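Chemist: The file below is protein39.tsv, TSV, C-alpha atoms (C1' of nucleotides):
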```tsv
chain	number	residue	atom	x	y	z
W	1	MET	CA	-61.41	-73.26	-91.72
W	2	SER	CA	-63.80	-71.93	-94.35
W	3	ALA	CA	-63.76	-68.58	-92.60
W	4	ALA	CA	-59.97	-68.59	-92.76
W	5	ILE	CA	-60.14	-69.36	-96.48
W	6	ARG	CA	-62.42	-66.41	-97.12
W	7	VAL	CA	-60.40	-63.99	-95.03
W	8	ILE	CA	-56.97	-65.08	-96.25
W	9	ALA	CA	-58.08	-65.06	-99.87
W	10	SER	CA	-59.00	-61.42	-99.58
W	11	GLN	CA	-56.47	-60.13	-97.06
W	12	GLY	CA	-53.51	-62.43	-97.38
W	13	LEU	CA	-51.63	-64.25	-94.64
W	14	GLY	CA	-51.21	-61.03	-92.69
W	15	ALA	CA	-54.89	-61.14	-91.83
W	16	PRO	CA	-55.41	-60.84	-88.06
W	17	THR	CA	-56.65	-63.92	-86.26
W	18	ALA	CA	-59.39	-61.72	-84.81
W	19	THR	CA	-60.77	-61.17	-88.30
W	20	ILE	CA	-60.82	-64.89	-88.99
W	21	ALA	CA	-62.55	-65.57	-85.68
W	22	LYS	CA	-65.13	-62.89	-86.38
W	23	GLU	CA	-65.80	-64.26	-89.84
W	24	ALA	CA	-66.26	-67.69	-88.27
W	25	GLY	CA	-68.75	-66.24	-85.80
W	26	VAL	CA	-66.71	-67.10	-82.71
W	27	SER	CA	-64.62	-65.03	-80.39
W	28	ASN	CA	-60.95	-64.37	-80.75
W	29	GLY	CA	-60.28	-66.52	-77.71
W	30	SER	CA	-62.21	-69.53	-79.00
W	31	LEU	CA	-60.03	-69.70	-82.06
W	32	PHE	CA	-57.08	-70.53	-79.84
W	33	THR	CA	-58.91	-73.40	-78.15
W	34	TYR	CA	-59.07	-75.11	-81.55
W	35	PHE	CA	-55.67	-74.06	-82.88
W	36	GLN	CA	-52.70	-73.64	-80.60
W	37	THR	CA	-51.13	-70.95	-82.73
W	38	LYS	CA	-51.84	-69.09	-85.92
W	39	ALA	CA	-49.14	-71.12	-87.64
W	40	ASP	CA	-50.98	-74.30	-86.63
W	41	LEU	CA	-54.11	-73.04	-88.29
W	42	LEU	CA	-52.23	-72.18	-91.46
W	43	ASN	CA	-50.50	-75.55	-91.63
W	44	GLN	CA	-53.71	-77.49	-91.12
W	45	LEU	CA	-55.42	-75.35	-93.72
W	46	TYR	CA	-52.62	-75.97	-96.20
W	47	VAL	CA	-52.70	-79.74	-95.80
W	48	GLU	CA	-56.49	-79.77	-95.99
W	49	LEU	CA	-56.65	-77.69	-99.15
W	50	LYS	CA	-53.99	-79.76	-100.86
W	51	ALA	CA	-55.88	-82.91	-99.97
W	52	GLU	CA	-59.08	-81.41	-101.31
W	53	LEU	CA	-57.35	-80.45	-104.53
W	54	ALA	CA	-55.94	-83.94	-104.93
W	55	ALA	CA	-59.32	-85.50	-104.23
W	56	ALA	CA	-61.03	-83.18	-106.68
W	57	ALA	CA	-58.46	-83.94	-109.36
W	58	LEU	CA	-58.81	-87.71	-108.97
W	59	ASP	CA	-62.60	-87.63	-108.65
W	60	GLY	CA	-64.34	-89.97	-111.06
W	61	LEU	CA	-61.11	-91.12	-112.67
W	62	PRO	CA	-61.88	-93.96	-115.07
W	63	THR	CA	-59.83	-96.99	-114.03
W	64	LYS	CA	-59.61	-98.23	-117.58
W	65	GLY	CA	-58.92	-96.34	-120.75
W	66	ARG	CA	-55.94	-94.67	-122.31
W	67	ILE	CA	-53.49	-92.84	-120.13
W	68	ARG	CA	-53.88	-89.64	-122.08
W	69	GLU	CA	-57.60	-89.60	-121.34
W	70	GLN	CA	-56.97	-90.25	-117.67
W	71	MET	CA	-54.44	-87.46	-117.51
W	72	LEU	CA	-56.78	-85.11	-119.30
W	73	HIS	CA	-59.45	-86.08	-116.79
W	74	ILE	CA	-57.18	-85.08	-113.91
W	75	TRP	CA	-56.12	-81.90	-115.66
W	76	THR	CA	-59.70	-80.85	-116.33
W	77	ASN	CA	-60.75	-81.61	-112.76
W	78	TRP	CA	-57.80	-79.66	-111.43
W	79	LEU	CA	-58.60	-76.58	-113.48
W	80	ARG	CA	-62.30	-76.83	-112.73
W	81	TRP	CA	-61.72	-77.07	-109.00
W	82	ALA	CA	-59.36	-74.11	-109.02
W	83	THR	CA	-61.55	-71.89	-111.14
W	84	SER	CA	-64.75	-72.78	-109.31
W	85	CYS	CA	-63.24	-72.19	-105.86
W	86	PRO	CA	-61.11	-69.14	-106.54
W	87	GLU	CA	-60.87	-68.35	-102.83
W	88	LYS	CA	-59.50	-71.76	-101.96
W	89	ARG	CA	-57.10	-71.60	-104.81
W	90	ARG	CA	-55.94	-68.11	-103.85
W	91	THR	CA	-55.47	-69.10	-100.24
W	92	LEU	CA	-53.55	-72.18	-101.28
W	93	ALA	CA	-51.30	-70.03	-103.43
W	94	HIS	CA	-50.57	-67.78	-100.46
W	95	LEU	CA	-49.89	-70.74	-98.18
W	96	GLY	CA	-47.75	-72.57	-100.70
W	97	VAL	CA	-45.05	-69.91	-100.67
W	98	SER	CA	-45.28	-69.00	-96.99
W	99	ASP	CA	-42.45	-69.98	-94.72
W	100	GLU	CA	-44.92	-70.56	-91.90
W	101	ILE	CA	-45.63	-73.87	-93.58
W	102	THR	CA	-43.36	-76.54	-92.16
W	103	LEU	CA	-41.40	-79.08	-94.13
W	104	ASP	CA	-43.62	-81.69	-92.53
W	105	SER	CA	-46.77	-80.12	-93.92
W	106	HIS	CA	-45.23	-79.95	-97.36
W	107	GLN	CA	-44.34	-83.62	-97.19
W	108	THR	CA	-47.78	-84.61	-95.96
W	109	ALA	CA	-49.30	-82.58	-98.76
W	110	SER	CA	-47.13	-84.14	-101.42
W	111	ARG	CA	-48.11	-87.57	-100.11
W	112	THR	CA	-51.76	-86.77	-100.73
W	113	MET	CA	-50.82	-85.87	-104.28
W	114	ALA	CA	-49.23	-89.29	-104.80
W	115	GLY	CA	-52.15	-90.49	-106.88
W	116	ILE	CA	-51.47	-87.84	-109.46
W	117	ALA	CA	-47.75	-88.53	-109.38
W	118	LYS	CA	-48.42	-92.19	-110.09
W	119	LEU	CA	-50.34	-91.36	-113.22
W	120	LEU	CA	-47.67	-88.91	-114.26
W	121	GLU	CA	-45.14	-91.69	-113.86
W	122	ARG	CA	-47.02	-93.88	-116.30
W	123	SER	CA	-47.57	-90.96	-118.64
W	124	ARG	CA	-43.89	-90.36	-119.14
W	125	GLU	CA	-43.02	-94.02	-119.83
W	126	ASN	CA	-40.66	-94.08	-122.80
W	127	GLY	CA	-41.19	-90.34	-123.15
W	128	PRO	CA	-38.50	-87.65	-123.27
W	129	MET	CA	-38.73	-87.04	-119.51
W	130	ARG	CA	-38.15	-90.67	-118.59
W	131	ASP	CA	-34.68	-90.05	-117.18
W	132	VAL	CA	-35.24	-87.16	-114.76
W	133	PRO	CA	-36.55	-87.46	-111.21
W	134	LEU	CA	-40.31	-87.87	-111.02
W	135	GLY	CA	-40.43	-85.00	-108.52
W	136	PHE	CA	-39.04	-82.71	-111.18
W	137	VAL	CA	-41.70	-83.61	-113.71
W	138	ALA	CA	-44.34	-83.21	-111.02
W	139	ALA	CA	-42.99	-79.77	-110.18
W	140	LEU	CA	-43.15	-78.76	-113.84
W	141	MET	CA	-46.71	-80.01	-114.14
W	142	SER	CA	-47.76	-78.18	-111.01
W	143	ALA	CA	-46.12	-74.97	-112.19
W	144	LEU	CA	-47.83	-75.29	-115.55
W	145	ALA	CA	-51.21	-75.83	-113.90
W	146	ASP	CA	-50.76	-72.86	-111.59
W	147	ALA	CA	-49.73	-70.53	-114.37
W	148	THR	CA	-52.62	-71.74	-116.50
W	149	ILE	CA	-55.15	-71.18	-113.74
W	150	ASP	CA	-53.77	-67.71	-113.07
W	151	PHE	CA	-54.19	-66.82	-116.69
W	152	MET	CA	-57.65	-68.31	-116.90
W	153	ILE	CA	-58.84	-66.32	-113.91
W	154	ARG	CA	-57.38	-63.07	-115.22
W	155	ASN	CA	-58.65	-63.84	-118.70
W	156	PRO	CA	-61.99	-65.63	-118.48
W	157	ALA	CA	-62.74	-65.29	-122.20
W	158	GLY	CA	-61.35	-68.38	-123.84
W	159	ALA	CA	-60.47	-69.97	-120.51
W	160	ASP	CA	-61.36	-73.47	-121.68
W	161	LYS	CA	-59.38	-73.03	-124.85
W	162	HIS	CA	-56.31	-72.01	-122.90
W	163	GLY	CA	-56.77	-74.84	-120.43
W	164	MET	CA	-56.80	-77.29	-123.32
W	165	ALA	CA	-53.81	-75.65	-124.99
W	166	ALA	CA	-51.88	-76.00	-121.74
W	167	PHE	CA	-52.82	-79.66	-121.44
W	168	LYS	CA	-51.56	-80.34	-124.92
W	169	ALA	CA	-48.38	-78.53	-123.97
W	170	LEU	CA	-48.06	-80.71	-120.89
W	171	TRP	CA	-48.59	-83.80	-122.99
W	172	ARG	CA	-45.91	-82.69	-125.40
W	173	ILE	CA	-43.60	-82.33	-122.44
W	174	VAL	CA	-44.05	-85.84	-121.10
W	175	LYS	CA	-45.01	-87.96	-124.07
T	1	MET	CA	-31.00	-52.23	-101.98
T	2	SER	CA	-28.43	-54.97	-101.66
T	3	ALA	CA	-28.98	-54.99	-97.91
T	4	ALA	CA	-32.71	-55.41	-98.52
T	5	ILE	CA	-32.01	-58.33	-100.84
T	6	ARG	CA	-29.93	-60.07	-98.22
T	7	VAL	CA	-32.41	-59.50	-95.41
T	8	ILE	CA	-35.54	-60.32	-97.39
T	9	ALA	CA	-33.98	-63.45	-98.84
T	10	SER	CA	-33.42	-64.79	-95.35
T	11	GLN	CA	-36.35	-63.34	-93.42
T	12	GLY	CA	-39.04	-62.78	-96.00
T	13	LEU	CA	-41.08	-59.66	-96.63
T	14	GLY	CA	-42.02	-59.45	-92.98
T	15	ALA	CA	-38.49	-58.36	-92.17
T	16	PRO	CA	-38.50	-55.12	-90.17
T	17	THR	CA	-37.23	-52.03	-91.92
T	18	ALA	CA	-34.92	-51.58	-88.95
T	19	THR	CA	-33.16	-54.81	-89.85
T	20	ILE	CA	-32.68	-53.70	-93.43
T	21	ALA	CA	-31.35	-50.34	-92.30
T	22	LYS	CA	-28.94	-52.00	-89.90
T	23	GLU	CA	-27.72	-54.39	-92.59
T	24	ALA	CA	-27.14	-51.38	-94.82
T	25	GLY	CA	-25.17	-49.68	-92.07
T	26	VAL	CA	-27.50	-46.70	-91.74
T	27	SER	CA	-30.02	-45.71	-89.15
T	28	ASN	CA	-33.66	-46.62	-89.24
T	29	GLY	CA	-34.51	-43.00	-89.89
T	30	SER	CA	-32.17	-42.64	-92.86
T	31	LEU	CA	-33.90	-45.41	-94.70
T	32	PHE	CA	-37.02	-43.26	-94.85
T	33	THR	CA	-35.16	-40.35	-96.37
T	34	TYR	CA	-34.45	-42.55	-99.39
T	35	PHE	CA	-37.75	-44.45	-99.52
T	36	GLN	CA	-41.01	-42.85	-98.52
T	37	THR	CA	-42.52	-46.09	-97.29
T	38	LYS	CA	-41.58	-49.72	-96.99
T	39	ALA	CA	-43.83	-50.50	-99.94
T	40	ASP	CA	-41.87	-48.01	-102.03
T	41	LEU	CA	-38.67	-49.83	-101.24
T	42	LEU	CA	-40.21	-53.16	-102.16
T	43	ASN	CA	-41.61	-51.89	-105.44
T	44	GLN	CA	-38.33	-50.32	-106.49
T	45	LEU	CA	-36.51	-53.49	-105.56
T	46	TYR	CA	-38.91	-55.59	-107.58
T	47	VAL	CA	-38.56	-53.51	-110.71
T	48	GLU	CA	-34.80	-53.39	-110.34
T	49	LEU	CA	-34.42	-57.13	-109.89
T	50	LYS	CA	-36.69	-57.89	-112.83
T	51	ALA	CA	-34.66	-55.54	-114.98
T	52	GLU	CA	-31.45	-57.20	-113.85
T	53	LEU	CA	-32.86	-60.60	-114.66
T	54	ALA	CA	-33.94	-59.47	-118.11
T	55	ALA	CA	-30.56	-57.89	-118.77
T	56	ALA	CA	-28.75	-61.00	-117.60
T	57	ALA	CA	-30.93	-63.23	-119.77
T	58	LEU	CA	-30.34	-61.14	-122.89
T	59	ASP	CA	-26.64	-60.63	-122.23
T	60	GLY	CA	-24.45	-61.58	-125.18
T	61	LEU	CA	-27.38	-62.71	-127.28
T	62	PRO	CA	-26.12	-63.50	-130.80
T	63	THR	CA	-28.06	-61.37	-133.26
T	64	LYS	CA	-27.75	-63.97	-135.95
T	65	GLY	CA	-28.18	-67.68	-135.80
T	66	ARG	CA	-31.07	-70.05	-135.36
T	67	ILE	CA	-33.89	-69.10	-133.07
T	68	ARG	CA	-33.52	-72.27	-131.05
T	69	GLU	CA	-29.92	-71.36	-130.23
T	70	GLN	CA	-30.94	-67.85	-129.24
T	71	MET	CA	-33.68	-69.17	-127.01
T	72	LEU	CA	-31.30	-71.65	-125.43
T	73	HIS	CA	-28.89	-68.78	-124.85
T	74	ILE	CA	-31.56	-66.85	-122.95
T	75	TRP	CA	-32.64	-69.93	-121.05
T	76	THR	CA	-29.09	-70.73	-119.98
T	77	ASN	CA	-28.42	-67.15	-118.93
T	78	TRP	CA	-31.67	-67.08	-117.00
T	79	LEU	CA	-30.86	-70.22	-115.06
T	80	ARG	CA	-27.27	-69.18	-114.49
T	81	TRP	CA	-28.28	-65.80	-113.10
T	82	ALA	CA	-30.85	-67.33	-110.77
T	83	THR	CA	-28.59	-70.06	-109.47
T	84	SER	CA	-25.59	-67.81	-109.05
T	85	CYS	CA	-27.54	-65.13	-107.16
T	86	PRO	CA	-29.81	-67.27	-105.04
T	87	GLU	CA	-30.58	-64.37	-102.70
T	88	LYS	CA	-31.75	-62.14	-105.52
T	89	ARG	CA	-33.78	-64.93	-106.97
T	90	ARG	CA	-35.34	-65.74	-103.60
T	91	THR	CA	-36.17	-62.12	-102.92
T	92	LEU	CA	-37.69	-61.77	-106.37
T	93	ALA	CA	-39.83	-64.83	-105.70
T	94	HIS	CA	-41.10	-63.27	-102.49
T	95	LEU	CA	-41.81	-59.95	-104.18
T	96	GLY	CA	-43.47	-61.49	-107.21
T	97	VAL	CA	-46.35	-62.91	-105.19
T	98	SER	CA	-46.67	-60.05	-102.72
T	99	ASP	CA	-49.66	-57.77	-102.95
T	100	GLU	CA	-47.52	-54.84	-101.88
T	101	ILE	CA	-46.33	-54.76	-105.47
T	102	THR	CA	-48.53	-52.45	-107.50
T	103	LEU	CA	-50.02	-53.17	-110.89
T	104	ASP	CA	-47.81	-50.39	-112.17
T	105	SER	CA	-44.64	-52.10	-111.01
T	106	HIS	CA	-45.75	-55.35	-112.60
T	107	GLN	CA	-46.36	-53.57	-115.88
T	108	THR	CA	-43.03	-51.79	-115.76
T	109	ALA	CA	-41.35	-55.10	-115.02
T	110	SER	CA	-43.05	-56.90	-117.86
T	111	ARG	CA	-41.97	-54.10	-120.19
T	112	THR	CA	-38.35	-54.76	-119.30
T	113	MET	CA	-38.93	-58.40	-120.20
T	114	ALA	CA	-40.19	-57.43	-123.65
T	115	GLY	CA	-36.96	-58.53	-125.29
T	116	ILE	CA	-37.53	-62.08	-124.16
T	117	ALA	CA	-41.18	-61.96	-125.19
T	118	LYS	CA	-40.16	-60.89	-128.67
T	119	LEU	CA	-37.94	-63.91	-129.10
T	120	LEU	CA	-40.64	-66.13	-127.71
T	121	GLU	CA	-43.01	-64.69	-130.30
T	122	ARG	CA	-40.69	-65.73	-133.10
T	123	SER	CA	-40.09	-69.11	-131.49
T	124	ARG	CA	-43.72	-70.08	-131.62
T	125	GLU	CA	-44.22	-69.10	-135.26
T	126	ASN	CA	-46.21	-71.87	-136.91
T	127	GLY	CA	-45.91	-73.87	-133.69
T	128	PRO	CA	-48.74	-75.38	-131.69
T	129	MET	CA	-49.02	-72.31	-129.45
T	130	ARG	CA	-49.43	-69.90	-132.33
T	131	ASP	CA	-53.08	-69.17	-131.56
T	132	VAL	CA	-53.03	-68.29	-127.87
T	133	PRO	CA	-52.13	-64.90	-126.39
T	134	LEU	CA	-48.40	-64.28	-126.21
T	135	GLY	CA	-48.79	-63.35	-122.57
T	136	PHE	CA	-50.02	-66.85	-121.87
T	137	VAL	CA	-47.01	-68.48	-123.47
T	138	ALA	CA	-44.75	-66.09	-121.61
T	139	ALA	CA	-46.46	-67.00	-118.33
T	140	LEU	CA	-45.92	-70.70	-119.03
T	141	MET	CA	-42.27	-70.13	-119.86
T	142	SER	CA	-41.75	-68.10	-116.72
T	143	ALA	CA	-43.47	-70.73	-114.59
T	144	LEU	CA	-41.34	-73.44	-116.14
T	145	ALA	CA	-38.17	-71.48	-115.49
T	146	ASP	CA	-39.11	-70.81	-111.88
T	147	ALA	CA	-39.96	-74.42	-111.18
T	148	THR	CA	-36.76	-75.54	-112.83
T	149	ILE	CA	-34.63	-73.17	-110.80
T	150	ASP	CA	-36.36	-74.24	-107.59
T	151	PHE	CA	-35.56	-77.82	-108.36
T	152	MET	CA	-31.98	-77.07	-109.35
T	153	ILE	CA	-31.34	-75.25	-106.10
T	154	ARG	CA	-32.88	-77.99	-103.99
T	155	ASN	CA	-31.13	-80.62	-106.05
T	156	PRO	CA	-27.70	-79.38	-107.15
T	157	ALA	CA	-26.55	-82.77	-108.40
T	158	GLY	CA	-27.50	-82.92	-112.06
T	159	ALA	CA	-28.64	-79.32	-112.09
T	160	ASP	CA	-27.35	-78.72	-115.62
T	161	LYS	CA	-28.96	-81.88	-116.87
T	162	HIS	CA	-32.31	-80.82	-115.47
T	163	GLY	CA	-31.94	-77.32	-116.85
T	164	MET	CA	-31.38	-78.76	-120.30
T	165	ALA	CA	-34.27	-81.20	-119.93
T	166	ALA	CA	-36.55	-78.31	-119.03
T	167	PHE	CA	-35.37	-76.32	-122.05
T	168	LYS	CA	-36.16	-79.20	-124.35
T	169	ALA	CA	-39.56	-79.41	-122.69
T	170	LEU	CA	-40.07	-75.71	-123.32
T	171	TRP	CA	-39.06	-76.12	-126.93
T	172	ARG	CA	-41.53	-78.98	-127.34
T	173	ILE	CA	-44.20	-76.66	-125.98
T	174	VAL	CA	-43.64	-73.86	-128.45
T	175	LYS	CA	-42.18	-75.45	-131.55
P	1	DG	C1'	-5.28	-19.98	-95.25
P	2	DA	C1'	-8.49	-19.28	-91.50
P	3	DT	C1'	-13.00	-18.54	-89.94
P	4	DA	C1'	-17.80	-18.43	-90.24
P	5	DA	C1'	-22.17	-19.52	-92.13
P	6	DA	C1'	-25.38	-22.33	-94.60
P	7	DA	C1'	-26.95	-26.76	-96.27
P	8	DG	C1'	-28.31	-31.03	-95.82
P	9	DA	C1'	-27.30	-35.85	-94.64
P	10	DC	C1'	-27.83	-38.69	-90.78
P	11	DT	C1'	-29.35	-40.21	-86.20
P	12	DG	C1'	-31.99	-42.84	-82.76
P	13	DA	C1'	-35.33	-42.18	-79.30
P	14	DC	C1'	-40.13	-41.81	-79.66
P	15	DT	C1'	-45.17	-42.43	-81.03
P	16	DA	C1'	-49.20	-44.59	-82.31
P	17	DG	C1'	-51.24	-48.52	-83.69
P	18	DA	C1'	-51.59	-53.39	-84.51
P	19	DC	C1'	-51.46	-58.13	-83.23
P	20	DA	C1'	-50.86	-62.96	-81.07
P	21	DG	C1'	-51.95	-65.16	-77.38
P	22	DA	C1'	-53.32	-65.43	-72.16
P	23	DC	C1'	-56.69	-65.54	-68.80
P	24	DA	C1'	-60.26	-64.49	-65.56
P	25	DA	C1'	-65.07	-64.36	-65.93
P	26	DT	C1'	-69.36	-66.26	-67.69
P	27	DA	C1'	-72.63	-69.45	-69.57
P	28	DA	C1'	-74.21	-74.05	-70.59
P	29	DA	C1'	-74.66	-78.82	-69.81
P	30	DG	C1'	-74.92	-82.95	-67.16
F	1	DC	C1'	-72.26	-78.84	-57.83
F	2	DT	C1'	-68.86	-80.05	-61.38
F	3	DT	C1'	-67.16	-79.88	-65.72
F	4	DT	C1'	-66.57	-78.05	-70.10
F	5	DA	C1'	-67.04	-74.58	-73.79
F	6	DT	C1'	-66.97	-69.80	-74.82
F	7	DT	C1'	-66.14	-65.11	-74.26
F	8	DG	C1'	-63.87	-60.67	-74.81
F	9	DT	C1'	-60.82	-57.81	-72.40
F	10	DC	C1'	-56.14	-57.27	-71.46
F	11	DT	C1'	-51.04	-57.31	-72.04
F	12	DG	C1'	-46.53	-57.47	-73.75
F	13	DT	C1'	-44.30	-57.11	-77.87
F	14	DC	C1'	-43.33	-55.54	-82.27
F	15	DT	C1'	-42.97	-52.22	-86.08
F	16	DA	C1'	-43.64	-48.39	-89.64
F	17	DG	C1'	-42.79	-44.00	-89.78
F	18	DT	C1'	-41.64	-39.16	-87.36
F	19	DC	C1'	-38.86	-35.44	-85.85
F	20	DA	C1'	-35.92	-32.52	-83.12
F	21	DG	C1'	-31.41	-32.22	-83.01
F	22	DT	C1'	-26.28	-33.54	-84.28
F	23	DC	C1'	-22.56	-34.07	-87.33
F	24	DT	C1'	-20.30	-33.40	-91.80
F	25	DT	C1'	-19.55	-31.16	-95.92
F	26	DT	C1'	-19.68	-27.29	-98.84
F	27	DT	C1'	-19.65	-22.48	-99.77
F	28	DA	C1'	-18.75	-17.67	-98.68
F	29	DT	C1'	-15.97	-13.95	-96.52
F	30	DC	C1'	-12.01	-11.76	-94.96
```
Have the structure of the file written as structure tokens, please.
Modeler:
Amino acid sequence: MSAAIRVIASQGLGAPTATIAKEAGVSNGSLFTYFQTKADLLNQLYVELKAELAAAALDGLPTKGRIREQMLHIWTNWLRWATSCPEKRRTLAHLGVSDEITLDSHQTASRTMAGIAKLLERSRENGPMRDVPLGFVAALMSALADATIDFMIRNPAGADKHGMAAFKALWRIVK
Amino acid sequence: MSAAIRVIASQGLGAPTATIAKEAGVSNGSLFTYFQTKADLLNQLYVELKAELAAAALDGLPTKGRIREQMLHIWTNWLRWATSCPEKRRTLAHLGVSDEITLDSHQTASRTMAGIAKLLERSRENGPMRDVPLGFVAALMSALADATIDFMIRNPAGADKHGMAAFKALWRIVK
DNA sequence: GATAAAAGACTGACTAGACAGACAATAAAG
DNA sequence: CTTTATTGTCTGTCTAGTCAGTCTTTTATC
């Protein structure tokens, strides 16, 4: 898996399975004893990375305290994870838009992100977004995070400042 | 070009050039008399679609009037174009994240979007986003629009309502 | 108007290379 | 000896791009 992350991050989804196997230090054939097809590998990788992102985002979340602080906690964790594992984040970006990823994988992934959605639900209570589907607000938040991370990576100077500016923007959206 | 849009929208960037040629009603060989390589075709297509999007967004923009109304005009046009040409929009989404698209094409494309950026610049005057790079705000707006369109297409019921909710969210971000 | 010549657009079979996945052979372990 | 894990070669398929030759259109000549 970690070999796949490294290879896909640098070569994209078109990377040959042989390259991934080599990077992992096993033969081409062995790879197919662990994953039936390349698509299988990609789907598993997608679900795993999403779960890791969700776990990273929720890590150390204070159970008490104001919602805004909890949300900021998640936001900060999210950005930190993405910027400190640029390869994982890049691979995830590739996988997220691939049509090799099944509907099932997407659903599984979104289930692992439920913790974040729950907090987002509470965040928007009585806010201007209270009357649209939660999935829509979640999509906007995710898009905002992705765009922010992209910019931070391309523009490391002032990354933290931009991350914070984007959080405030997010908060203005929901609250 | 329009054949490429149709084929890529349904098959992704991996679509064989032969399929595109067939859809266009010409031979495989002819395609390469008009485009040196497949990448050339994709880059031209990307720039063209971005230009079309920009033109559609700015179409009929009232020169006078409040900025908010002008911005809403652009926003509405943007969403209308994307939802009424789902194939173009889908193809553009594929191209936008492809690494076949050169830096040069991206720059050319962003130049054609300058009109929108200019209005965005005025929109954020004295607003909370006044101190971050304009490119960052533009990236957030673009991400918001994309996510909104995605949701509208997957969720046609209440599409207009969601489009308007997203615009208000955008306005809360910048103003 | 009829014929011929030149230009160039178009064709589709072909090449060379890449890749996913299969499989027979080998090594390791119990 | 049996079972299981691993190997790396092999194959069938697919695809970007080529090119020798055909067909169509335009131009020139009588």
Chemist: Can you list, as a list in words, every protein, DNA or RNA residue that comes within 7 Å of segment 91-105 of chain T when you count all atoms listed in the file, leaving out same-chain residues fewer than 5 positions away?
Modeler: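 Residues meeting the cut-off are Ile5, Ile8, Ala9, Gly12, Leu13, Ala39, Asn43, Tyr46, Val47 and Leu49 of chain T.
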Chemist: Could you work out which residues of chain W fall inside 12 Å of chain P? Count all atoms listed in the file, and format the result as a list in words.
Modeler: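 For chain W, the answer reads Gly14, Ala15, Pro16, Thr17, Ala18, Thr19, Asn28, Gly29, Ser30, Leu31, Phe32, Thr33, Phe35, Gln36, Thr37, Lys38 and Ala39 of chain W.
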Chemist: Atom CA of Lys64 of chain W and atom CA of Ala117 of chain W, how far apart in Å?
Modeler: 17.4 Å
Chemist: One decimal, Å: what's the distance from atom CA of Gln70 of chain T over to atom CA of Val174 of chain T, could you say?
Modeler: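 The value is 14.1 Å.
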Chemist: Could you list, as a CSV table (one decimal) with C-alpha atoms, in the frame of the given file, every residue within 12 Å of Ala55 of chain T, counting all atoms listed in the file and ignoring same-chain residues fewer than 4 positions away?
Modeler:
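Written file, out-v8.csv:
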```csv
chain,number,residue,atom,x,y,z
T,48,GLU,CA,-34.8,-53.4,-110.3
T,49,LEU,CA,-34.4,-57.1,-109.9
T,50,LYS,CA,-36.7,-57.9,-112.8
T,51,ALA,CA,-34.7,-55.5,-115.0
T,59,ASP,CA,-26.6,-60.6,-122.2
T,60,GLY,CA,-24.4,-61.6,-125.2
T,61,LEU,CA,-27.4,-62.7,-127.3
T,74,ILE,CA,-31.6,-66.8,-123.0
T,77,ASN,CA,-28.4,-67.2,-118.9
T,78,TRP,CA,-31.7,-67.1,-117.0
T,81,TRP,CA,-28.3,-65.8,-113.1
T,109,ALA,CA,-41.4,-55.1,-115.0
T,112,THR,CA,-38.4,-54.8,-119.3
T,113,MET,CA,-38.9,-58.4,-120.2
T,114,ALA,CA,-40.2,-57.4,-123.6
T,115,GLY,CA,-37.0,-58.5,-125.3
T,116,ILE,CA,-37.5,-62.1,-124.2
```
Chemist: Quick one, how far is atom CA of Ile67 of chain W from atom CA of Gly158 of chain T?
Modeler: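 Separation between atom CA of Ile67 of chain W and atom CA of Gly158 of chain T: 29.0 Å.
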Chemist: Counting all atoms listed in the file, collect the residues of chain T whose closest atom lies at most 10 Å from chain W, and write them out as number ranges by chain.
Modeler: T: 11-12, 14, 93-94, 97-99, 128-129, 131-133, 135-148, 150-152, 155, 158, 161-162, 165-166, 168-174
Chemist: Show me a table, sorted first by chain and then by increasing residue number, of the residues of chain F having an atom at most 9 Å from chain T, each with its shortest atom pair and the distance in Å to one decimal, counting only C-alpha atoms (C1' of nucleotides) and written as CSV.
Modeler:
```
residue,atom,partner,partner_atom,distance
F:DT15,C1',T:Pro16,CA,6.7
F:DA16,C1',T:Thr17,CA,7.7
F:DG17,C1',T:Phe32,CA,7.7
F:DT18,C1',T:Gly29,CA,8.5
```
Chemist: Could you tell me which of T:Ala24, T:Met164, T:Ala159, T:Leu45 comes closest to Arg89 of chain T if we count all atoms listed in the file?
Modeler: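 Result for the nearest residue to Arg89 of chain T: T:Leu45.
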Chemist: Quick one: 3 Å padding each side, axis-aligned, all listed atoms of segment 138-155 of chain T - centre and edge lengths in Å to one decimal, as AutoDock Vina command-line options?
Modeler:
```
--center_x -38.8 --center_y -73.4 --center_z -112.8 --size_x 21.3 --size_y 20.5 --size_z 23.6
```
Chemist: Would you pick out the contacts of Ser84 of chain T at 12 Å or less, using all atoms listed in the file, so that residues sharing its chain but fewer than 4 positions from it are not included, and give the list as a compact mmCIF listing (two decimals) with C-alpha atoms, in the frame of the given file?
Modeler:
```txt
# COMPACT_ATOMS: atom_id res chain seq x y z
CA LEU T 53 -32.86 -60.60 -114.66
CA ALA T 56 -28.75 -61.00 -117.60
CA THR T 76 -29.09 -70.73 -119.98
CA ASN T 77 -28.42 -67.15 -118.93
CA TRP T 78 -31.67 -67.08 -117.00
CA LEU T 79 -30.86 -70.22 -115.06
CA ARG T 80 -27.27 -69.18 -114.49
CA LYS T 88 -31.75 -62.14 -105.52
CA ARG T 89 -33.78 -64.93 -106.97
CA ARG T 90 -35.34 -65.74 -103.60
CA ILE T 149 -34.63 -73.17 -110.80
CA MET T 152 -31.98 -77.07 -109.35
CA ILE T 153 -31.34 -75.25 -106.10
CA PRO T 156 -27.70 -79.38 -107.15
```
